[in-house]
file protein-v4.csv (CSV, C-alpha atoms and all ligand atoms)
chain,number,residue,atom,x,y,z
Q,24,MET,CA,28.6,28.3,1.9
Q,25,ASN,CA,28.7,24.5,1.8
Q,26,LYS,CA,25.4,22.8,1.1
Q,27,PRO,CA,24.1,20.3,3.7
Q,28,LYS,CA,24.8,16.7,2.9
Q,29,VAL,CA,21.8,14.4,2.6
Q,30,TYR,CA,21.2,10.7,2.0
Q,31,ILE,CA,18.1,9.5,0.2
Q,32,ALA,CA,17.4,6.0,1.2
Q,33,LYS,CA,14.2,5.5,-0.6
Q,34,PRO,CA,13.4,5.9,-4.3
Q,35,ILE,CA,11.8,9.3,-5.1
Q,36,PRO,CA,10.6,10.9,-8.3
Q,37,HIS,CA,13.4,12.7,-10.4
Q,38,GLU,CA,11.7,16.0,-10.1
Q,39,VAL,CA,11.7,15.8,-6.3
Q,40,GLU,CA,15.4,14.7,-6.3
Q,41,GLU,CA,16.2,17.8,-8.4
Q,42,TYR,CA,14.5,20.1,-5.9
Q,43,ILE,CA,16.6,18.6,-3.1
Q,44,ALA,CA,19.7,18.9,-5.2
Q,45,GLN,CA,19.2,22.7,-5.5
Q,46,HIS,CA,19.6,23.0,-1.7
Q,47,CYS,CA,21.7,20.0,-0.6
Q,48,ASP,CA,24.6,17.7,-1.7
Q,49,LEU,CA,22.7,14.6,-2.4
Q,50,GLU,CA,23.6,10.9,-2.4
Q,51,LYS,CA,21.1,8.2,-2.9
Q,52,TRP,CA,20.4,4.5,-2.8
Q,53,ASP,CA,20.2,3.6,-6.5
Q,54,SER,CA,18.7,0.1,-6.7
Q,55,ASN,CA,15.3,-1.4,-7.0
Q,56,GLU,CA,16.0,-3.6,-3.9
Q,57,ASP,CA,15.5,-2.0,-0.5
Q,58,ILE,CA,18.6,-0.8,1.2
Q,59,THR,CA,19.7,-3.1,4.0
Q,60,ARG,CA,20.3,-1.6,7.4
Q,61,GLU,CA,24.0,-2.6,7.2
Q,62,GLU,CA,24.4,-0.8,3.9
Q,63,LEU,CA,22.6,2.3,5.2
Q,64,LEU,CA,24.7,2.5,8.4
Q,65,GLU,CA,27.8,2.6,6.2
Q,66,ARG,CA,26.6,5.7,4.4
Q,67,LEU,CA,25.9,8.0,7.3
Q,68,SER,CA,29.3,9.1,8.5
Q,69,ASP,CA,29.1,12.7,7.1
Q,70,ILE,CA,25.5,13.3,6.4
Q,71,ASP,CA,23.3,16.1,7.9
Q,72,GLY,CA,20.0,14.8,6.7
Q,73,LEU,CA,18.3,11.5,5.9
Q,74,LEU,CA,15.2,10.8,3.9
Q,75,THR,CA,13.8,7.4,4.6
Q,76,SER,CA,10.8,5.5,5.9
Q,77,GLY,CA,10.6,2.4,8.1
Q,78,THR,CA,14.3,2.4,9.0
Q,79,LYS,CA,14.7,2.2,12.8
Q,80,ILE,CA,16.3,5.6,13.9
Q,81,ASP,CA,17.9,4.5,17.1
Q,82,GLU,CA,21.1,5.0,19.1
Q,83,GLU,CA,23.0,2.5,16.9
Q,84,LEU,CA,22.1,4.5,13.8
Q,85,LEU,CA,22.7,7.9,15.4
Q,86,LYS,CA,26.2,6.9,16.5
Q,87,LYS,CA,27.0,6.1,12.9
Q,88,ALA,CA,25.8,9.6,11.9
Q,89,PRO,CA,27.5,12.1,14.1
Q,90,ASN,CA,26.5,15.1,12.0
Q,91,LEU,CA,22.8,14.1,11.5
Q,92,LYS,CA,20.3,16.8,12.3
Q,93,VAL,CA,17.2,15.8,10.4
Q,94,VAL,CA,15.4,12.6,9.6
Q,95,SER,CA,12.5,13.1,7.1
Q,96,ASN,CA,10.2,10.1,7.1
Q,97,MET,CA,8.4,9.5,3.8
Q,98,SER,CA,5.4,8.1,5.7
Q,99,VAL,CA,2.8,9.4,8.1
Q,100,GLY,CA,3.6,6.6,10.6
Q,101,TYR,CA,6.8,7.3,12.6
Q,102,ASN,CA,7.0,4.2,14.9
Q,103,ASN,CA,10.5,3.7,13.4
Q,104,PHE,CA,11.6,6.7,15.4
Q,105,ASP,CA,13.2,6.0,18.8
Q,106,LEU,CA,11.9,9.3,20.1
Q,107,LYS,CA,14.0,9.3,23.2
Q,108,ALA,CA,17.2,8.7,21.4
Q,109,MET,CA,16.3,11.4,18.8
Q,110,LYS,CA,15.3,13.8,21.5
Q,111,ASN,CA,18.6,13.3,23.3
Q,112,ARG,CA,20.5,14.2,20.1
Q,113,HIS,CA,18.1,17.1,19.2
Q,114,ILE,CA,17.3,15.5,15.9
Q,115,ILE,CA,14.4,17.0,14.0
Q,116,GLY,CA,12.1,14.2,12.9
Q,117,THR,CA,9.3,14.8,10.4
Q,118,ASN,CA,6.5,12.9,8.7
Q,119,VAL,CA,4.2,13.5,5.8
Q,120,ALA,CA,0.9,14.1,7.7
Q,121,GLY,CA,-1.7,15.6,5.3
Q,122,ALA,CA,-0.3,14.1,2.1
Q,123,LEU,CA,-2.3,10.8,2.2
Q,124,ASP,CA,-5.4,11.3,4.3
Q,125,ASP,CA,-8.0,10.9,1.5
Q,126,THR,CA,-6.1,8.0,-0.1
Q,127,VAL,CA,-5.9,6.0,3.1
Q,128,ALA,CA,-9.6,6.8,3.9
Q,129,ASP,CA,-10.6,5.5,0.5
Q,130,LEU,CA,-8.8,2.3,1.1
Q,131,ILE,CA,-10.4,1.9,4.5
Q,132,PHE,CA,-13.8,2.3,2.9
Q,133,GLY,CA,-12.8,-0.2,0.3
Q,134,LEU,CA,-12.0,-2.7,3.1
Q,135,MET,CA,-15.3,-2.0,4.9
Q,136,LEU,CA,-17.3,-2.5,1.7
Q,137,ALA,CA,-15.3,-5.6,0.6
Q,138,CYS,CA,-15.8,-7.2,4.0
Q,139,ALA,CA,-19.5,-6.3,4.4
Q,140,ARG,CA,-20.5,-7.3,0.8
Q,141,ARG,CA,-17.9,-10.1,0.6
Q,142,ILE,CA,-16.5,-8.7,-2.6
Q,143,THR,CA,-13.1,-10.4,-2.7
Q,144,GLU,CA,-14.6,-13.7,-1.4
Q,145,LEU,CA,-17.3,-13.7,-4.1
Q,146,ASP,CA,-14.9,-12.6,-6.8
Q,147,ARG,CA,-13.0,-15.8,-6.1
Q,148,TYR,CA,-16.3,-17.7,-6.1
Q,149,VAL,CA,-17.3,-16.4,-9.5
Q,150,LYS,CA,-13.9,-17.0,-11.0
Q,151,ALA,CA,-13.9,-20.6,-9.7
Q,152,GLY,CA,-17.0,-21.3,-11.7
Q,153,LYS,CA,-19.2,-21.8,-8.6
Q,154,TRP,CA,-22.0,-19.4,-9.6
Q,155,ASN,CA,-24.7,-21.8,-10.6
Q,156,ARG,CA,-28.0,-20.5,-9.1
Q,157,ASP,CA,-29.8,-17.2,-8.7
Q,158,ASP,CA,-30.3,-15.3,-5.5
Q,159,ASP,CA,-28.4,-17.7,-3.2
Q,160,LEU,CA,-29.0,-16.8,0.4
Q,161,GLU,CA,-25.5,-18.1,1.2
Q,162,LEU,CA,-24.0,-15.2,-0.7
Q,163,TYR,CA,-25.8,-12.4,1.2
Q,164,GLY,CA,-23.7,-9.8,3.0
Q,165,ALA,CA,-24.3,-6.9,5.3
Q,166,ASN,CA,-25.2,-3.2,4.7
Q,167,VAL,CA,-22.7,-0.5,5.3
Q,168,HIS,CA,-25.0,2.5,4.8
Q,169,HIS,CA,-27.0,3.6,7.9
Q,170,ARG,CA,-25.0,1.3,10.2
Q,171,THR,CA,-22.8,2.4,13.1
Q,172,LEU,CA,-19.1,3.1,12.5
Q,173,GLY,CA,-16.7,3.4,15.5
Q,174,ILE,CA,-13.4,5.2,14.7
Q,175,ILE,CA,-10.5,4.7,17.2
Q,176,GLY,CA,-8.1,7.6,16.6
Q,177,MET,CA,-9.7,10.8,15.2
Q,178,GLY,CA,-6.7,12.3,13.5
Q,179,ARG,CA,-6.7,13.6,9.9
Q,180,ILE,CA,-7.3,10.1,8.4
Q,181,GLY,CA,-10.0,9.3,11.0
Q,182,GLU,CA,-11.7,12.5,10.1
Q,183,ALA,CA,-11.6,11.7,6.3
Q,184,VAL,CA,-13.2,8.3,7.1
Q,185,ALA,CA,-15.8,10.0,9.3
Q,186,LYS,CA,-16.7,12.4,6.4
Q,187,ARG,CA,-17.2,9.6,4.0
Q,188,ALA,CA,-19.3,7.6,6.5
Q,189,SER,CA,-21.4,10.5,7.7
Q,190,LEU,CA,-22.0,12.5,4.6
Q,191,GLY,CA,-21.8,9.7,2.0
Q,192,PHE,CA,-23.2,6.6,3.6
Q,193,ASP,CA,-25.5,8.1,6.2
Q,194,MET,CA,-23.7,6.2,8.9
Q,195,ASN,CA,-23.9,6.9,12.6
Q,196,VAL,CA,-20.3,7.7,13.6
Q,197,LEU,CA,-18.8,7.2,17.0
Q,198,TYR,CA,-15.2,8.0,17.8
Q,199,TYR,CA,-12.7,7.6,20.6
Q,200,ASN,CA,-9.6,9.7,20.8
Q,201,ARG,CA,-7.1,10.9,23.4
Q,202,SER,CA,-8.6,14.4,23.1
Q,203,ARG,CA,-12.2,15.3,22.2
Q,204,LYS,CA,-12.6,17.0,18.8
Q,205,LYS,CA,-15.6,19.3,19.2
Q,206,GLU,CA,-15.0,21.0,15.8
Q,207,VAL,CA,-15.2,17.6,14.0
Q,208,GLU,CA,-18.4,16.7,16.0
Q,209,GLU,CA,-20.0,19.9,14.9
Q,210,LYS,CA,-18.9,19.6,11.3
Q,211,LEU,CA,-19.7,15.9,10.7
Q,212,GLY,CA,-22.2,15.1,13.5
Q,213,VAL,CA,-20.0,12.4,15.0
Q,214,GLU,CA,-20.4,11.3,18.6
Q,215,TYR,CA,-17.5,11.1,21.1
Q,216,CYS,CA,-17.7,8.1,23.5
Q,217,SER,CA,-15.6,5.8,25.6
Q,218,MET,CA,-13.6,3.0,23.9
Q,219,GLU,CA,-15.9,0.5,25.7
Q,220,GLU,CA,-19.1,2.0,24.5
Q,221,LEU,CA,-17.7,2.3,20.9
Q,222,LEU,CA,-16.7,-1.3,20.9
Q,223,LYS,CA,-20.1,-2.4,22.1
Q,224,ARG,CA,-22.2,-0.3,19.8
Q,225,SER,CA,-20.3,-0.3,16.5
Q,226,ASP,CA,-21.1,-2.5,13.4
Q,227,PHE,CA,-17.7,-1.4,11.9
Q,228,ILE,CA,-14.7,-0.6,14.0
Q,229,VAL,CA,-11.8,1.2,12.3
Q,230,ILE,CA,-8.5,1.6,14.2
Q,231,MET,CA,-6.4,4.5,12.9
Q,232,THR,CA,-4.1,5.4,15.8
Q,233,PRO,CA,-0.3,5.8,15.4
Q,234,LEU,CA,1.7,3.0,16.9
Q,235,THR,CA,3.3,4.3,20.2
Q,236,GLU,CA,4.0,2.7,23.5
Q,237,ALA,CA,0.5,3.7,24.6
Q,238,THR,CA,-1.2,2.1,21.6
Q,239,LEU,CA,0.7,-1.1,21.4
Q,240,HIS,CA,-1.9,-3.9,21.5
Q,241,LEU,CA,-4.6,-1.3,22.2
Q,242,ILE,CA,-7.1,-3.8,20.8
Q,243,ASP,CA,-6.6,-7.1,22.6
Q,244,LYS,CA,-8.7,-10.1,23.7
Q,245,GLU,CA,-10.7,-8.0,26.2
Q,246,GLN,CA,-11.6,-5.4,23.5
Q,247,PHE,CA,-12.6,-8.1,20.9
Q,248,ASN,CA,-14.8,-9.7,23.6
Q,249,LEU,CA,-16.8,-6.4,23.8
Q,250,MET,CA,-17.6,-6.3,20.1
Q,251,LYS,CA,-20.9,-7.4,18.5
Q,252,PRO,CA,-20.8,-10.9,16.9
Q,253,SER,CA,-21.7,-9.0,13.7
Q,254,ALA,CA,-18.9,-6.5,13.9
Q,255,ILE,CA,-16.4,-6.0,11.1
Q,256,PHE,CA,-12.9,-4.9,12.3
Q,257,ILE,CA,-10.6,-2.8,10.0
Q,258,ASN,CA,-7.0,-2.1,10.6
Q,259,ALA,CA,-5.0,0.2,8.3
Q,260,SER,CA,-2.8,1.8,11.0
Q,261,ARG,CA,0.0,-0.5,12.1
Q,262,GLY,CA,-0.2,-4.3,12.8
Q,263,LYS,CA,1.0,-4.0,16.4
Q,264,THR,CA,-1.8,-1.6,17.4
Q,265,ILE,CA,-3.8,-4.8,17.9
Q,266,ASN,CA,-2.9,-8.2,19.3
Q,267,GLU,CA,-3.1,-10.3,16.1
Q,268,LYS,CA,-3.4,-13.6,18.1
Q,269,ALA,CA,-6.5,-12.2,19.8
Q,270,LEU,CA,-7.9,-11.1,16.5
Q,271,ILE,CA,-7.3,-14.6,15.1
Q,272,GLU,CA,-9.0,-16.1,18.1
Q,273,ALA,CA,-12.0,-13.7,17.8
Q,274,LEU,CA,-12.5,-14.6,14.2
Q,275,GLN,CA,-12.0,-18.4,14.7
Q,276,SER,CA,-14.5,-18.4,17.6
Q,277,LYS,CA,-17.0,-16.2,15.6
Q,278,LYS,CA,-16.8,-13.5,18.3
Q,279,ILE,CA,-16.8,-11.0,15.3
Q,280,ARG,CA,-18.0,-11.3,11.8
Q,281,GLY,CA,-14.9,-10.4,9.8
Q,282,ALA,CA,-11.9,-8.2,9.3
Q,283,GLY,CA,-10.2,-6.0,6.7
Q,284,LEU,CA,-6.5,-5.7,7.2
Q,285,ASP,CA,-3.9,-3.6,5.4
Q,286,VAL,CA,-1.3,-4.2,8.1
Q,287,PHE,CA,0.1,-7.1,10.0
Q,288,ASP,CA,2.2,-7.9,13.0
Q,289,VAL,CA,5.0,-9.2,10.8
Q,290,GLU,CA,5.3,-7.6,7.3
Q,291,PRO,CA,5.4,-9.1,4.7
Q,292,VAL,CA,2.8,-11.3,6.3
Q,293,GLU,CA,4.0,-14.9,7.0
Q,294,ILE,CA,2.5,-17.4,4.6
Q,295,ASP,CA,1.3,-19.7,7.4
Q,296,ASN,CA,-0.6,-16.9,9.2
Q,297,PRO,CA,-4.2,-18.3,9.8
Q,298,LEU,CA,-5.7,-14.9,8.7
Q,299,LEU,CA,-4.7,-15.8,5.1
Q,300,ARG,CA,-7.0,-18.8,5.1
Q,301,MET,CA,-10.1,-17.1,6.3
Q,302,ASP,CA,-12.8,-16.2,3.8
Q,303,ASN,CA,-14.2,-13.5,6.1
Q,304,VAL,CA,-10.9,-11.7,6.2
Q,305,VAL,CA,-9.8,-9.3,3.4
Q,306,THR,CA,-6.0,-8.9,3.3
Q,307,LEU,CA,-3.9,-6.3,1.6
Q,308,PRO,CA,-0.1,-5.8,1.4
Q,309,HIS,CA,0.1,-2.4,3.3
Q,310,ILE,CA,-1.0,-0.3,0.4
Q,311,GLY,CA,-2.9,2.4,2.3
Q,312,SER,CA,-1.1,5.2,0.4
Q,313,ALA,CA,0.0,3.3,-2.7
Q,314,ASN,CA,-0.9,5.2,-5.8
Q,315,MET,CA,1.4,7.4,-8.0
Q,316,ASP,CA,-0.2,10.7,-7.2
Q,317,THR,CA,-0.2,10.2,-3.5
Q,318,ARG,CA,3.3,8.8,-3.4
Q,319,PHE,CA,4.5,11.8,-5.4
Q,320,ASP,CA,2.9,14.1,-2.9
Q,321,MET,CA,4.5,12.2,0.0
Q,322,ALA,CA,7.9,12.3,-1.6
Q,323,LYS,CA,7.5,16.1,-2.3
Q,324,LEU,CA,6.4,16.8,1.2
Q,325,ALA,CA,9.2,14.7,2.7
Q,326,ALA,CA,11.7,16.6,0.5
Q,327,GLU,CA,10.3,19.9,1.6
Q,328,ASN,CA,10.5,18.9,5.3
Q,329,LEU,CA,14.1,17.8,4.8
Q,330,VAL,CA,15.2,20.9,3.0
Q,331,LYS,CA,13.4,23.4,5.3
Q,332,ALA,CA,14.6,21.7,8.5
Q,333,LEU,CA,18.2,21.8,7.2
Q,334,THR,CA,18.1,25.3,5.8
Q,335,GLU,CA,15.7,27.0,8.3
Q,336,GLY,CA,16.0,24.8,11.3
Q,337,ALA,CA,12.3,24.1,11.3
Q,338,ALA,CA,9.8,22.3,9.2
Q,339,PRO,CA,6.0,22.2,9.1
Q,340,ASN,CA,5.7,18.5,9.8
Q,341,ILE,CA,7.9,17.9,12.9
Q,342,VAL,CA,6.2,15.0,14.7
Q,343,PRO,CA,4.5,16.1,17.9
Q,344,GLU,CA,6.8,14.3,20.4
Q,345,LEU,CA,9.9,16.1,18.9
Q,346,ARG,CA,8.4,19.6,18.8
Q,347,ALA,CA,10.3,22.1,21.0
K,1,LIG,C1,2.3,5.6,6.3
K,1,LIG,O1,2.5,6.6,5.6
K,1,LIG,O2,2.6,5.5,7.5
K,1,LIG,C2,1.5,4.5,5.6
K,1,LIG,O3,1.4,3.4,6.4
K,1,LIG,C3,2.2,4.2,4.3
K,1,LIG,O4,1.2,3.4,3.5

call {"tool": "encode", "arguments": {"input": "protein-v4.csv", "output": "structure tokens"}}
result
Amino acid sequence: MNKPKVYIAKPIPHEVEEYIAQHCDLEKWDSNEDITREELLERLSDIDGLLTSGTKIDEELLKKAPNLKVVSNMSVGYNNFDLKAMKNRHIIGTNVAGALDDTVADLIFGLMLACARRITELDRYVKAGKWNRDDDLELYGANVHHRTLGIIGMGRIGEAVAKRASLGFDMNVLYYNRSRKKEVEEKLGVEYCSMEELLKRSDFIVIMTPLTEATLHLIDKEQFNLMKPSAIFINASRGKTINEKALIEALQSKKIRGAGLDVFDVEPVEIDNPLLRMDNVVTLPHIGSANMDTRFDMAKLAAENLVKALTEGAAPNIVPELRA
């Protein structure tokens, strides 16, 4: 029997490639530069499966790939999927939920600590030779432990953040989610509340929802206006889950204390973005899952999803909207 044909549009470890090659005829993008959309579109005419992340899977791409059955995303986010177009073509779409929860939760905590204790700002201060007196009140930050954390989006990563906050930092944890998670409440002692209440009561607000039509600009001017002036806002989901202009305005007018951002409206972030010139904002280049171990696990899971979906017609990680 002929093996299914797959195209690997992202670099993956050799071992993972070998696993795919046992089950599929494999072609891959072999360059350190990212594949462009034009180049990708030219390679899809006879493929059954695609392993990628970030590439828009829309009608244009699907037309170029008449045999395509499976798109395996090597990321947990799948806002690159045009779900309607994929559903119409009965495409199986998968993500790597579960492979990066703790890694992203660690980074979110890093952002919370860096913002509250002004770690990156004061690192620059020391290195610039500005440290010339003891116990300078100007350098004081805020506590993380025993404060109130509000988590918007209690998925796997939200839960991993709640665990650190509740068990490790004795924080009072509030959460808002489409559906209530009673088992998480019992396990971690977190409290479910409305978005409005969460925004009003929290010292730290972490948004961790996937980007969908419903969550586009979920946090906008109205929501920033509800936050405490001492609030620290963290986004490690997708840049467009918030209105970045409203965030900039909230920071400039001191409606909130600071922000920690791993994601931006436009990525890579534009150099003239005012967020890059604010000392009370910690910025990162979308590195939530970026370490060798986790990226290996993500590649392995994406490969398993691809192979299982092509050979068995089902995979453990089909995204919710595309499940039968
Ligand atoms: C994901 O997997 O969606 C993350 O944003 C990657 O860091």

call {"tool": "residues_near_ligand", "arguments": {"input": "protein-v4.csv", "ligand": "ligand LIG 1 (chain K)", "cutoff": "6 Å", "atoms": "all atoms listed in the file", "output": "PyMOL selection string"}}
result
chain Q and resi 98-100+309-312

call {"tool": "closest_residue", "arguments": {"input": "protein-v4.csv", "among": "Q:Lys263, Q:Lys186, Q:Arg318, Q:Lys33", "to": "Q:Leu284", "atoms": "only C-alpha atoms"}}
result
Q:Lys263

call {"tool": "closest_residue", "arguments": {"input": "protein-v4.csv", "among": "Q:Asn96, Q:Asn90, Q:Asn155, Q:Asn118", "to": "Q:Ile341", "atoms": "all atoms listed in the file"}}
result
Q:Asn118

call {"tool": "residues_around", "arguments": {"input": "protein-v4.csv", "residues": "stretch 320-335 of chain Q", "least_positions_apart": "5", "cutoff": "6 Å", "atoms": "only C-alpha atoms", "output": "JSON list (two decimals) with C-alpha atoms, keeping the file's coordinate frame"}}
result
[["chain", "number", "residue", "atom", "x", "y", "z"],
["Q", 39, "VAL", "CA", 11.70, 15.80, -6.30],
["Q", 95, "SER", "CA", 12.50, 13.10, 7.10],
["Q", 97, "MET", "CA", 8.40, 9.50, 3.80],
["Q", 119, "VAL", "CA", 4.20, 13.50, 5.80],
["Q", 122, "ALA", "CA", -0.30, 14.10, 2.10]]

call {"tool": "closest_residue", "arguments": {"input": "protein-v4.csv", "among": "Q:Asn102, Q:Gln246, Q:Asn195, Q:Thr264", "to": "Q:Asp288", "atoms": "only C-alpha atoms"}}
result
Q:Thr264

call {"tool": "atom_distance", "arguments": {"input": "protein-v4.csv", "atom1": "atom CA of Q:Asp285", "atom2": "atom CA of Q:Pro308"}}
result
5.9 Å

call {"tool": "closest_residue", "arguments": {"input": "protein-v4.csv", "among": "Q:Cys138, Q:Val149, Q:Ile131, Q:Val29", "to": "Q:Leu91", "atoms": "all atoms listed in the file"}}
result
Q:Val29

call {"tool": "atom_distance", "arguments": {"input": "protein-v4.csv", "atom1": "atom CA of Q:Leu172", "atom2": "atom CA of Q:Met194"}}
result
6.6 Å

call {"tool": "closest_atom_pairs", "arguments": {"input": "protein-v4.csv", "of": "stretch 53-133 of chain Q", "to": "stretch 174-179 of chain Q", "cutoff": "9 Å", "atoms": "only C-alpha atoms", "output": "Markdown table"}}
result
| residue | atom | partner | partner_atom | distance |
| --- | --- | --- | --- | --- |
| Q:Ala120 | CA | Q:Arg179 | CA | 7.9 |
| Q:Gly121 | CA | Q:Arg179 | CA | 7.1 |
| Q:Asp124 | CA | Q:Arg179 | CA | 6.2 |
| Q:Asp125 | CA | Q:Arg179 | CA | 8.9 |

call {"tool": "atom_distance", "arguments": {"input": "protein-v4.csv", "atom1": "atom CA of Q:Arg170", "atom2": "atom CA of Q:Phe287"}}
result
26.5 Å

call {"tool": "residues_near_point", "arguments": {"input": "protein-v4.csv", "point": "(-0.9, -13.2, 17.3)", "cutoff": "12 Å", "atoms": "only C-alpha atoms", "output": "PyMOL selection string"}}
result
chain Q and resi 240+242-244+262-273+287-289+292-293+296-298

call {"tool": "residues_around", "arguments": {"input": "protein-v4.csv", "residues": "Q:Ser217", "least_positions_apart": "5", "cutoff": "12 Å", "atoms": "all atoms listed in the file", "output": "PDB file with C-alpha atoms, keeping the file's coordinate frame"}}
result
ATOM      1  CA  GLY Q 173     -16.700   3.400  15.500  1.00  0.00           C
ATOM      2  CA  ILE Q 174     -13.400   5.200  14.700  1.00  0.00           C
ATOM      3  CA  ILE Q 175     -10.500   4.700  17.200  1.00  0.00           C
ATOM      4  CA  GLY Q 176      -8.100   7.600  16.600  1.00  0.00           C
ATOM      5  CA  LEU Q 197     -18.800   7.200  17.000  1.00  0.00           C
ATOM      6  CA  TYR Q 198     -15.200   8.000  17.800  1.00  0.00           C
ATOM      7  CA  TYR Q 199     -12.700   7.600  20.600  1.00  0.00           C
ATOM      8  CA  ASN Q 200      -9.600   9.700  20.800  1.00  0.00           C
ATOM      9  CA  ARG Q 201      -7.100  10.900  23.400  1.00  0.00           C
ATOM     10  CA  SER Q 202      -8.600  14.400  23.100  1.00  0.00           C
ATOM     11  CA  ARG Q 203     -12.200  15.300  22.200  1.00  0.00           C
ATOM     12  CA  LEU Q 222     -16.700  -1.300  20.900  1.00  0.00           C
ATOM     13  CA  LYS Q 223     -20.100  -2.400  22.100  1.00  0.00           C
ATOM     14  CA  ARG Q 224     -22.200  -0.300  19.800  1.00  0.00           C
ATOM     15  CA  SER Q 225     -20.300  -0.300  16.500  1.00  0.00           C
TER      16      SER Q 225
END

call {"tool": "closest_residue", "arguments": {"input": "protein-v4.csv", "among": "Q:Pro339, Q:Pro291, Q:Gly181, Q:Pro252", "to": "Q:Lys278", "atoms": "all atoms listed in the file"}}
result
Q:Pro252

call {"tool": "closest_residue", "arguments": {"input": "protein-v4.csv", "among": "Q:Met231, Q:Ala151, Q:Val207, Q:Val304", "to": "Q:Gln275", "atoms": "all atoms listed in the file"}}
result
Q:Val304

call {"tool": "residues_around", "arguments": {"input": "protein-v4.csv", "residues": "stretch 55-57 of chain Q", "least_positions_apart": "2", "cutoff": "12 Å", "atoms": "only C-alpha atoms", "output": "PyMOL selection string"}}
result
chain Q and resi 31-35+51-53+59-63+75-78

call {"tool": "residues_around", "arguments": {"input": "protein-v4.csv", "residues": "Q:Ser68", "least_positions_apart": "3", "cutoff": "10 Å", "atoms": "all atoms listed in the file", "output": "number ranges by chain"}}
result
Q: 64-65, 71, 85-91

call {"tool": "axis_aligned_box", "arguments": {"input": "protein-v4.csv", "around": "stretch 265-275 of chain Q", "padding_each_side": "3 Å", "output": "JSON"}}
result
{"center_x": -7.7, "center_y": -11.6, "center_z": 17.0, "size_x": 15.6, "size_y": 19.6, "size_z": 11.6}

call {"tool": "residues_around", "arguments": {"input": "protein-v4.csv", "residues": "Q:Asn166", "least_positions_apart": "5", "cutoff": "12 Å", "atoms": "all atoms listed in the file", "output": "list in words"}}
result
Met135, Leu136, Ala137, Cys138, Ala139, Arg140, Arg141, Thr171, Leu172, Phe192, Asp193, Met194, Asp226, Phe227, Ser253, Ala254 and Ile255 of chain Q

call {"tool": "write_last_selection", "arguments": {"input": "protein-v4.csv", "atoms": "C-alpha atoms", "output": "mmCIF file, in the coordinates of the input"}}
result
data_model
loop_
_atom_site.group_PDB
_atom_site.id
_atom_site.type_symbol
_atom_site.label_atom_id
_atom_site.label_comp_id
_atom_site.auth_asym_id
_atom_site.auth_seq_id
_atom_site.Cartn_x
_atom_site.Cartn_y
_atom_site.Cartn_z
ATOM 1 C CA MET Q 135 -15.300 -2.000 4.900
ATOM 2 C CA LEU Q 136 -17.300 -2.500 1.700
ATOM 3 C CA ALA Q 137 -15.300 -5.600 0.600
ATOM 4 C CA CYS Q 138 -15.800 -7.200 4.000
ATOM 5 C CA ALA Q 139 -19.500 -6.300 4.400
ATOM 6 C CA ARG Q 140 -20.500 -7.300 0.800
ATOM 7 C CA ARG Q 141 -17.900 -10.100 0.600
ATOM 8 C CA THR Q 171 -22.800 2.400 13.100
ATOM 9 C CA LEU Q 172 -19.100 3.100 12.500
ATOM 10 C CA PHE Q 192 -23.200 6.600 3.600
ATOM 11 C CA ASP Q 193 -25.500 8.100 6.200
ATOM 12 C CA MET Q 194 -23.700 6.200 8.900
ATOM 13 C CA ASP Q 226 -21.100 -2.500 13.400
ATOM 14 C CA PHE Q 227 -17.700 -1.400 11.900
ATOM 15 C CA SER Q 253 -21.700 -9.000 13.700
ATOM 16 C CA ALA Q 254 -18.900 -6.500 13.900
ATOM 17 C CA ILE Q 255 -16.400 -6.000 11.100
#
